[in-house]
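Novice: File name coords11.cif; file contents mmCIF, C-alpha atoms; full text below.
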data_entry
#
loop_
_atom_site.label_atom_id
_atom_site.label_comp_id
_atom_site.auth_asym_id
_atom_site.auth_seq_id
_atom_site.Cartn_x
_atom_site.Cartn_y
_atom_site.Cartn_z
CA MET A 1 -18.94 125.33 46.39
CA VAL A 2 -18.37 125.52 50.14
CA TYR A 3 -15.93 124.10 52.67
CA GLY A 4 -16.21 120.35 53.00
CA TYR A 5 -18.43 119.83 49.95
CA PRO A 6 -17.07 118.67 46.61
CA ALA A 7 -17.42 120.26 43.20
CA LEU A 8 -17.11 118.65 39.81
CA VAL A 9 -15.50 121.20 37.51
CA ALA A 10 -15.36 120.94 33.73
CA ALA A 11 -13.62 122.82 30.94
CA ILE A 12 -15.99 124.04 28.23
CA ASN A 13 -15.46 124.36 24.49
CA LYS A 14 -15.61 128.15 24.51
CA ARG A 15 -12.21 129.77 24.17
CA LEU A 16 -10.48 133.03 24.98
CA TYR A 17 -7.71 134.10 22.64
CA VAL A 18 -4.74 136.35 23.43
CA ASN A 19 -2.30 137.32 20.66
CA GLU A 20 1.30 138.54 20.78
CA LYS A 21 0.09 142.10 21.34
CA PHE A 22 -1.99 140.84 24.28
CA GLU A 23 -5.20 141.70 22.43
CA VAL A 24 -8.09 139.62 23.68
CA GLU A 25 -10.94 137.95 21.87
CA SER A 26 -13.37 135.87 23.90
CA GLU A 27 -16.12 133.39 23.12
CA ILE A 28 -16.75 133.07 26.85
CA PRO A 29 -19.52 135.33 28.14
CA ILE A 30 -18.04 137.87 30.57
CA GLY A 31 -19.34 138.05 34.16
CA CYS A 32 -21.55 134.95 33.97
CA GLY A 33 -19.48 132.75 36.25
CA MET A 34 -18.02 130.82 33.34
CA GLY A 35 -14.39 131.46 34.14
CA SER A 36 -13.51 134.22 31.66
CA SER A 37 -11.24 135.91 34.22
CA ALA A 38 -9.22 132.73 34.83
CA ALA A 39 -9.13 131.97 31.10
CA TYR A 40 -7.60 135.40 30.55
CA ALA A 41 -5.03 134.89 33.32
CA VAL A 42 -4.06 131.49 31.87
CA ALA A 43 -3.86 132.77 28.29
CA VAL A 44 -1.63 135.70 29.26
CA ALA A 45 0.56 133.43 31.39
CA ALA A 46 0.93 131.05 28.43
CA MET A 47 1.96 133.93 26.19
CA ARG A 48 4.65 134.86 28.69
CA VAL A 49 6.10 131.50 29.70
CA GLY A 50 5.29 129.37 26.68
CA VAL A 51 2.39 127.01 26.24
CA SER A 52 4.34 123.80 26.90
CA ASN A 53 4.96 124.34 30.62
CA ARG A 54 1.51 123.94 32.10
CA LEU A 55 2.69 123.70 35.68
CA VAL A 56 4.27 127.17 35.48
CA ILE A 57 1.33 128.59 33.49
CA ASN A 58 -1.03 127.42 36.24
CA GLU A 59 1.15 128.90 39.00
CA VAL A 60 1.53 132.27 37.22
CA ALA A 61 -2.21 132.42 36.50
CA TYR A 62 -3.03 131.56 40.12
CA GLU A 63 -0.78 134.39 41.36
CA GLU A 64 -2.57 136.77 38.99
CA GLU A 65 -5.95 135.51 40.23
CA LYS A 66 -4.81 136.20 43.81
CA LYS A 67 -3.89 139.76 42.86
CA GLN A 68 -7.30 140.29 41.32
CA HIS A 69 -9.61 138.35 43.63
CA GLY A 70 -7.78 137.88 46.92
CA ASN A 71 -8.60 134.32 47.87
CA PRO A 72 -9.25 132.27 44.72
CA SER A 73 -9.88 128.57 45.10
CA GLY A 74 -7.46 127.96 42.23
CA VAL A 75 -9.88 125.64 40.52
CA ASP A 76 -10.74 127.99 37.64
CA ASN A 77 -7.14 128.56 36.55
CA THR A 78 -6.39 124.84 36.96
CA ILE A 79 -9.28 123.74 34.75
CA CYS A 80 -8.45 126.42 32.15
CA THR A 81 -4.83 125.23 32.10
CA TYR A 82 -5.30 121.47 31.99
CA GLY A 83 -8.84 121.13 30.60
CA GLY A 84 -10.94 118.03 31.15
CA TYR A 85 -12.66 117.47 34.48
CA LEU A 86 -11.56 118.04 38.07
CA TRP A 87 -12.87 116.95 41.43
CA TYR A 88 -12.35 119.75 43.93
CA ARG A 89 -12.93 119.88 47.65
CA LYS A 90 -11.64 122.42 50.14
CA GLU A 91 -11.63 120.86 53.57
CA VAL A 92 -10.27 123.73 55.66
CA GLU A 93 -8.22 126.85 54.96
CA GLY A 94 -4.90 125.74 53.53
CA PHE A 95 -5.99 122.19 52.68
CA LYS A 96 -7.79 121.21 49.51
CA ILE A 97 -8.17 118.15 47.36
CA VAL A 98 -7.88 118.59 43.60
CA SER A 99 -8.00 115.43 41.54
CA GLU A 100 -8.08 114.94 37.79
CA ILE A 101 -11.00 112.86 36.57
CA LYS A 102 -10.26 110.49 33.71
CA PRO A 103 -13.73 109.93 32.28
CA GLU A 104 -14.78 106.66 30.74
CA ARG A 105 -17.48 108.41 28.74
CA ASP A 106 -18.28 111.80 27.26
CA PHE A 107 -20.71 114.15 28.87
CA PRO A 108 -23.42 115.09 26.36
CA HIS A 109 -23.79 118.60 24.99
CA LEU A 110 -25.71 121.10 27.08
CA LEU A 111 -27.52 124.26 26.09
CA ILE A 112 -26.98 127.41 28.11
CA HIS A 113 -29.61 130.12 28.41
CA ASN A 114 -29.25 133.41 30.22
CA THR A 115 -32.58 134.19 31.92
CA GLY A 116 -31.26 137.70 32.57
CA LYS A 117 -29.68 139.72 35.34
CA PRO A 118 -31.32 138.97 38.70
CA ASP A 119 -33.05 141.80 40.56
CA GLU A 120 -30.98 141.07 43.65
CA SER A 121 -27.25 141.64 43.83
CA THR A 122 -25.12 138.51 44.07
CA ARG A 123 -24.05 139.74 47.51
CA GLU A 124 -27.70 139.64 48.63
CA MET A 125 -28.08 136.11 47.24
CA VAL A 126 -25.02 134.93 49.16
CA GLU A 127 -26.44 136.51 52.32
CA VAL A 128 -29.81 134.81 51.78
CA VAL A 129 -28.18 131.38 51.52
CA ARG A 130 -25.94 132.04 54.50
CA LYS A 131 -28.92 132.90 56.73
CA ARG A 132 -30.69 129.65 55.89
CA LYS A 133 -29.96 126.26 57.40
CA VAL A 134 -28.79 124.61 54.20
CA ASN A 135 -26.33 121.97 55.39
CA LYS A 136 -28.85 119.13 54.93
CA ILE A 137 -29.60 120.30 51.40
CA LEU A 138 -25.90 120.68 50.61
CA ALA A 139 -25.39 117.10 51.75
CA LYS A 140 -28.08 116.02 49.26
CA ILE A 141 -26.38 118.04 46.53
CA GLU A 142 -23.14 116.23 47.37
CA VAL A 143 -24.89 112.93 46.62
CA VAL A 144 -25.99 114.32 43.26
CA THR A 145 -22.45 115.54 42.51
CA ARG A 146 -21.13 112.05 43.26
CA GLN A 147 -23.69 110.60 40.87
CA LEU A 148 -22.34 112.85 38.13
CA LEU A 149 -18.85 111.59 38.95
CA GLU A 150 -20.07 108.00 38.66
CA TYR A 151 -21.71 108.86 35.35
CA LEU A 152 -18.40 110.11 33.99
CA MET A 153 -16.41 107.22 35.45
CA GLY A 154 -18.93 104.71 34.12
CA THR A 155 -18.99 102.91 37.47
CA ARG A 156 -22.78 102.90 37.75
CA LYS A 157 -25.75 103.41 35.47
CA ILE A 158 -26.90 106.95 36.12
CA ASP A 159 -29.99 108.70 34.74
CA LEU A 160 -28.51 112.07 33.83
CA MET A 161 -31.91 113.68 33.36
CA ALA A 162 -33.01 112.64 36.86
CA VAL A 163 -29.75 113.88 38.38
CA ILE A 164 -30.09 117.36 36.82
CA ARG A 165 -33.74 117.59 37.90
CA GLU A 166 -32.86 116.54 41.43
CA ASN A 167 -30.07 119.11 41.61
CA GLU A 168 -32.49 121.83 40.51
CA LYS A 169 -35.03 120.70 43.13
CA TYR A 170 -32.45 121.20 45.89
CA LEU A 171 -31.44 124.61 44.54
CA GLU A 172 -35.11 125.59 44.65
CA GLU A 173 -35.28 124.35 48.25
CA ILE A 174 -32.32 126.59 49.11
CA GLY A 175 -34.39 129.43 47.69
CA VAL A 176 -32.22 130.79 44.91
CA VAL A 177 -34.61 130.25 41.97
CA SER A 178 -37.31 132.77 41.05
CA GLU A 179 -40.91 131.78 40.22
CA LYS A 180 -40.36 132.97 36.65
CA THR A 181 -37.33 130.70 36.22
CA LYS A 182 -39.09 127.79 37.95
CA THR A 183 -41.94 128.13 35.42
CA LEU A 184 -39.47 127.98 32.52
CA ILE A 185 -37.70 124.95 34.00
CA ARG A 186 -41.04 123.13 34.57
CA GLU A 187 -41.87 123.76 30.89
CA ILE A 188 -38.51 122.27 29.85
CA GLU A 189 -39.27 119.25 32.05
CA LYS A 190 -42.72 118.90 30.47
CA ALA A 191 -40.98 118.81 27.09
CA GLY A 192 -39.00 115.83 28.41
CA GLY A 193 -35.83 117.72 29.30
CA ALA A 194 -34.07 118.88 32.42
CA ALA A 195 -32.57 122.19 33.49
CA LYS A 196 -30.87 123.75 36.46
CA ILE A 197 -29.58 127.14 37.41
CA SER A 198 -25.85 127.71 37.45
CA GLY A 199 -24.37 130.31 39.73
CA ALA A 200 -25.89 132.43 42.46
CA GLY A 201 -29.41 132.43 41.02
CA GLY A 202 -32.04 135.08 41.69
CA ARG A 203 -35.27 135.06 43.71
CA ARG A 204 -37.47 137.87 42.39
CA GLY A 205 -37.18 138.14 38.60
CA ASN A 206 -34.45 136.50 36.60
CA SER A 207 -32.05 133.88 37.88
CA GLY A 208 -29.00 134.23 35.64
CA ILE A 209 -27.65 131.26 33.71
CA ILE A 210 -29.47 127.93 33.34
CA LEU A 211 -28.08 124.69 31.91
CA MET A 212 -30.48 122.69 29.74
CA TYR A 213 -30.30 119.04 28.73
CA HIS A 214 -32.44 116.53 26.84
CA SER A 215 -31.59 113.00 25.83
CA ASP A 216 -33.02 113.96 22.43
CA MET A 217 -31.43 117.34 21.75
CA ASN A 218 -33.68 117.93 18.72
CA LYS A 219 -36.67 118.08 21.08
CA LEU A 220 -34.88 120.64 23.22
CA LYS A 221 -33.98 122.66 20.15
CA ASP A 222 -37.67 122.62 19.14
CA PHE A 223 -38.59 123.88 22.60
CA VAL A 224 -35.99 126.62 22.39
CA ARG A 225 -37.22 127.69 18.95
CA LYS A 226 -40.90 127.71 19.96
CA ASN A 227 -40.14 129.78 23.05
CA GLY A 228 -37.71 132.14 21.32
CA LEU A 229 -34.90 131.46 23.79
CA ASP A 230 -31.37 132.60 23.08
CA VAL A 231 -29.05 129.69 23.78
CA PHE A 232 -25.58 128.49 23.03
CA ARG A 233 -24.30 124.94 23.03
CA VAL A 234 -21.43 123.81 25.23
CA LYS A 235 -19.41 120.66 25.36
CA LEU A 236 -17.77 119.72 28.65
CA GLY A 237 -14.37 118.17 29.36
CA GLU A 238 -12.62 120.06 26.59
CA GLU A 239 -8.93 120.82 26.10
CA GLY A 240 -7.13 123.38 28.26
CA VAL A 241 -4.61 125.98 27.18
CA ARG A 242 -3.09 125.48 23.75
CA ASP A 243 -1.21 127.31 21.04
CA GLU A 244 -3.84 128.09 18.42
CA ARG A 245 -1.14 128.64 15.85
CA GLU A 246 -0.41 124.92 16.06
CA SER A 247 -4.04 123.82 15.56
CA MET B 1 -0.25 141.58 33.71
CA THR B 2 -2.83 143.87 35.34
CA THR B 3 -2.99 146.43 38.09
CA ASP B 4 -3.15 145.01 41.60
CA GLN B 5 -6.47 145.51 43.36
CA LYS B 6 -6.72 147.20 46.75
CA MET B 7 -7.49 144.43 49.22
CA VAL B 8 -9.31 144.22 52.53
CA ASN B 9 -8.48 141.49 55.07
CA VAL B 10 -11.69 139.81 56.29
CA GLY B 11 -9.75 137.00 57.92
CA THR B 12 -7.41 137.36 60.87
CA PRO B 13 -3.88 138.78 61.03
CA GLU B 14 -2.60 135.21 61.44
CA GLN B 15 -4.78 133.77 58.67
CA PRO B 16 -5.47 136.60 56.21
CA GLU B 17 -8.34 136.21 53.77
CA LEU B 18 -8.18 139.05 51.29
CA VAL B 19 -11.03 140.41 49.21
CA PRO B 20 -10.99 143.30 46.73
CA GLN B 21 -12.07 146.59 48.27
CA GLU B 22 -14.83 146.90 45.68
CA ALA B 23 -16.45 143.70 46.98
CA VAL B 24 -16.95 145.53 50.29
CA THR B 25 -17.66 149.10 49.22
CA SER B 26 -19.49 148.63 45.92
CA PRO B 27 -20.83 145.08 45.59
CA ASP B 28 -23.28 146.17 42.89
CA SER B 29 -20.63 147.67 40.61
CA PRO B 30 -19.57 145.47 37.67
CA LYS B 31 -16.32 144.53 39.42
CA GLY B 32 -17.96 144.05 42.80
CA ARG B 33 -20.74 141.96 41.30
CA GLY B 34 -18.21 139.92 39.34
CA TRP B 35 -16.30 139.13 42.51
CA TRP B 36 -19.43 138.08 44.42
CA GLY B 37 -20.37 135.93 41.44
CA ARG B 38 -17.02 134.20 41.70
CA LEU B 39 -17.68 133.60 45.39
CA ALA B 40 -21.12 132.14 44.64
CA GLU B 41 -19.59 129.87 41.97
CA GLY B 42 -16.81 128.66 44.24
CA ALA B 43 -14.01 130.26 42.24
CA VAL B 44 -13.28 132.18 45.43
CA ILE B 45 -13.66 130.53 48.82
CA LEU B 46 -13.77 132.17 52.24
CA SER B 47 -14.11 130.61 55.66
CA GLN B 48 -17.52 131.02 57.32
CA ALA B 49 -16.06 133.55 59.77
CA ALA B 50 -14.50 135.62 57.00
CA LEU B 51 -17.70 135.52 54.96
CA GLY B 52 -19.67 136.72 57.99
CA LYS B 53 -17.23 139.58 58.49
CA LEU B 54 -17.40 140.50 54.80
CA ILE B 55 -21.21 140.60 54.82
CA GLN B 56 -21.18 142.69 58.00
CA LEU B 57 -18.64 145.13 56.52
CA SER B 58 -20.51 145.46 53.24
CA ASN B 59 -23.79 146.06 55.10
CA GLU B 60 -22.13 148.80 57.14
CA LYS B 61 -20.83 150.44 53.97
CA LYS B 62 -24.30 150.15 52.41
CA ASP B 63 -25.95 151.77 55.43
#
Give the structure from the file, written as structure tokens.
Specialist:
Amino acid sequence: MVYGYPALVAAINKRLYVNEKFEVESEIPIGCGMGSSAAYAVAVAAMRVGVSNRLVINEVAYEEEKKQHGNPSGVDNTICTYGGYLWYRKEVEGFKIVSEIKPERDFPHLLIHNTGKPDESTREMVEVVRKRKVNKILAKIEVVTRQLLEYLMGTRKIDLMAVIRENEKYLEEIGVVSEKTKTLIREIEKAGGAAKISGAGGRRGNSGIILMYHSDMNKLKDFVRKNGLDVFRVKLGEEGVRDERES
Amino acid sequence: MTTDQKMVNVGTPEQPELVPQEAVTSPDSPKGRGWWGRLAEGAVILSQAALGKLIQLSNEKKD
């Protein structure tokens, strides 16, 4: 996500629990860019101010995020608080657009696989991308992001498989996907599926998290089994903060 | 909730853009790496100028 380009942000069905003693239990993998830090900030805020006042929970969690991370976009705590889907775009410092998406259809389940810790540091990966002229590619990724929005809104027939493949192609053009990960993704595509990296990626060995999708999930599960991949299933657009004692 | 992090201003005095000290001095530590991951994901956003300054500072610390 960069200035002037939009992001479609979704809540996932993995939860982080905080009890009255502020003990934490998390289904969200830590340090994988899946929002565990914001989920924690939101859960603790909810314990303090009560789960019914989401506006205050979001504000308290954002202040905590600022203390921890300096200049958070605010999108992680917002999605953890309210759930669902958000459209986010930061135009310039001090001006951002955050809009709730009311989807007309569900997004299908995805599988997530961790290819492993990249050889490069994330700082190196950010530097690599910064040195490259990527604005044209980012503009293409914006088109793809808008297609995902149209998919959710049901305003146009969108081939989800093609969109994910196209997104991955652009990420490979940016140069954040290793040969090893490209080989795995090509195999998934040969099996009729689609996959893309999520996060900073990695160029030399592993590339971190990849999202996997197939219109026939049983075929993807077969692929995963045959290749001995560790995966977990996520559903997007899920509920935000809630009192688990009530559910 | 938690202890405040020490922050470094990579923006300007008029328009501060704060980052945790560990992002500058130890980007490969778990906390430093976590912060850079958040930047890569878009959970943290810096202006281009601030990002340039951060990379320069972290390279100087590395050297």
Novice: Can you list what the PyMOL selection byres ((chain A and resi 21-37) around 7) grabs from this structure, as a compact mmCIF listing (two decimals) with C-alpha atoms, in the coordinates of the input?
Specialist:
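The file below, out-v9.txt, is the result:
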# COMPACT_ATOMS: atom_id res chain seq x y z
CA LYS A 14 -15.61 128.15 24.51
CA ARG A 15 -12.21 129.77 24.17
CA LEU A 16 -10.48 133.03 24.98
CA TYR A 17 -7.71 134.10 22.64
CA VAL A 18 -4.74 136.35 23.43
CA ASN A 19 -2.30 137.32 20.66
CA GLU A 20 1.30 138.54 20.78
CA ALA A 38 -9.22 132.73 34.83
CA ALA A 39 -9.13 131.97 31.10
CA TYR A 40 -7.60 135.40 30.55
CA ALA A 41 -5.03 134.89 33.32
CA ASP A 76 -10.74 127.99 37.64
CA GLY A 199 -24.37 130.31 39.73
CA GLY B 34 -18.21 139.92 39.34
CA GLY B 37 -20.37 135.93 41.44
CA ARG B 38 -17.02 134.20 41.70
CA GLU B 41 -19.59 129.87 41.97
Novice: Any chance you could work out the residue set of the PyMOL selection byres ((chain B) within 9 of (chain A)) here, as a VMD selection string?
Specialist: chain B and resid 1 to 9 15 17 to 20 23 27 to 28 30 to 48 51 to 52 55 58
Novice: For the structure shown, which residues end up in the PyMOL selection byres ((chain A and resi 145) around 10)? Put them as a PyMOL selection string, please?
Specialist: chain A and resi 5-8+87+139-144+146-151+163-164+167
Novice: Mind checking which residues fall within 7 Å of A:Gly175, counting all atoms listed in the file, ignoring those fewer than 3 positions away in the same chain, and posting them as a ChimeraX atom specification?
Specialist: /A:171-172,203
Novice: Step by step: start from the point (-37.4, 128.1, 36.0) in the file's coordinates, keep every protein, DNA or RNA residue that has an atom no farther than 10 Å from it, count only C-alpha atoms, and write the set as a ChimeraX atom specification.
Specialist: /A:115,168,172,177-189,195-197,206-207,210
Novice: So how many Å separate atom CA of B:Pro13 and atom CA of B:Leu54, to one decimal?
Specialist: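 Atom CA of B:Pro13 sits 15.0 Å away from atom CA of B:Leu54.
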Novice: If you measure from atom CA of A:Gly84 to atom CA of A:Val241, what distance in Å do you get, rounded to one decimal?
Specialist: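 Taking atom CA of A:Gly84 as the start and atom CA of A:Val241 as the end point, the length is 10.9 Å.
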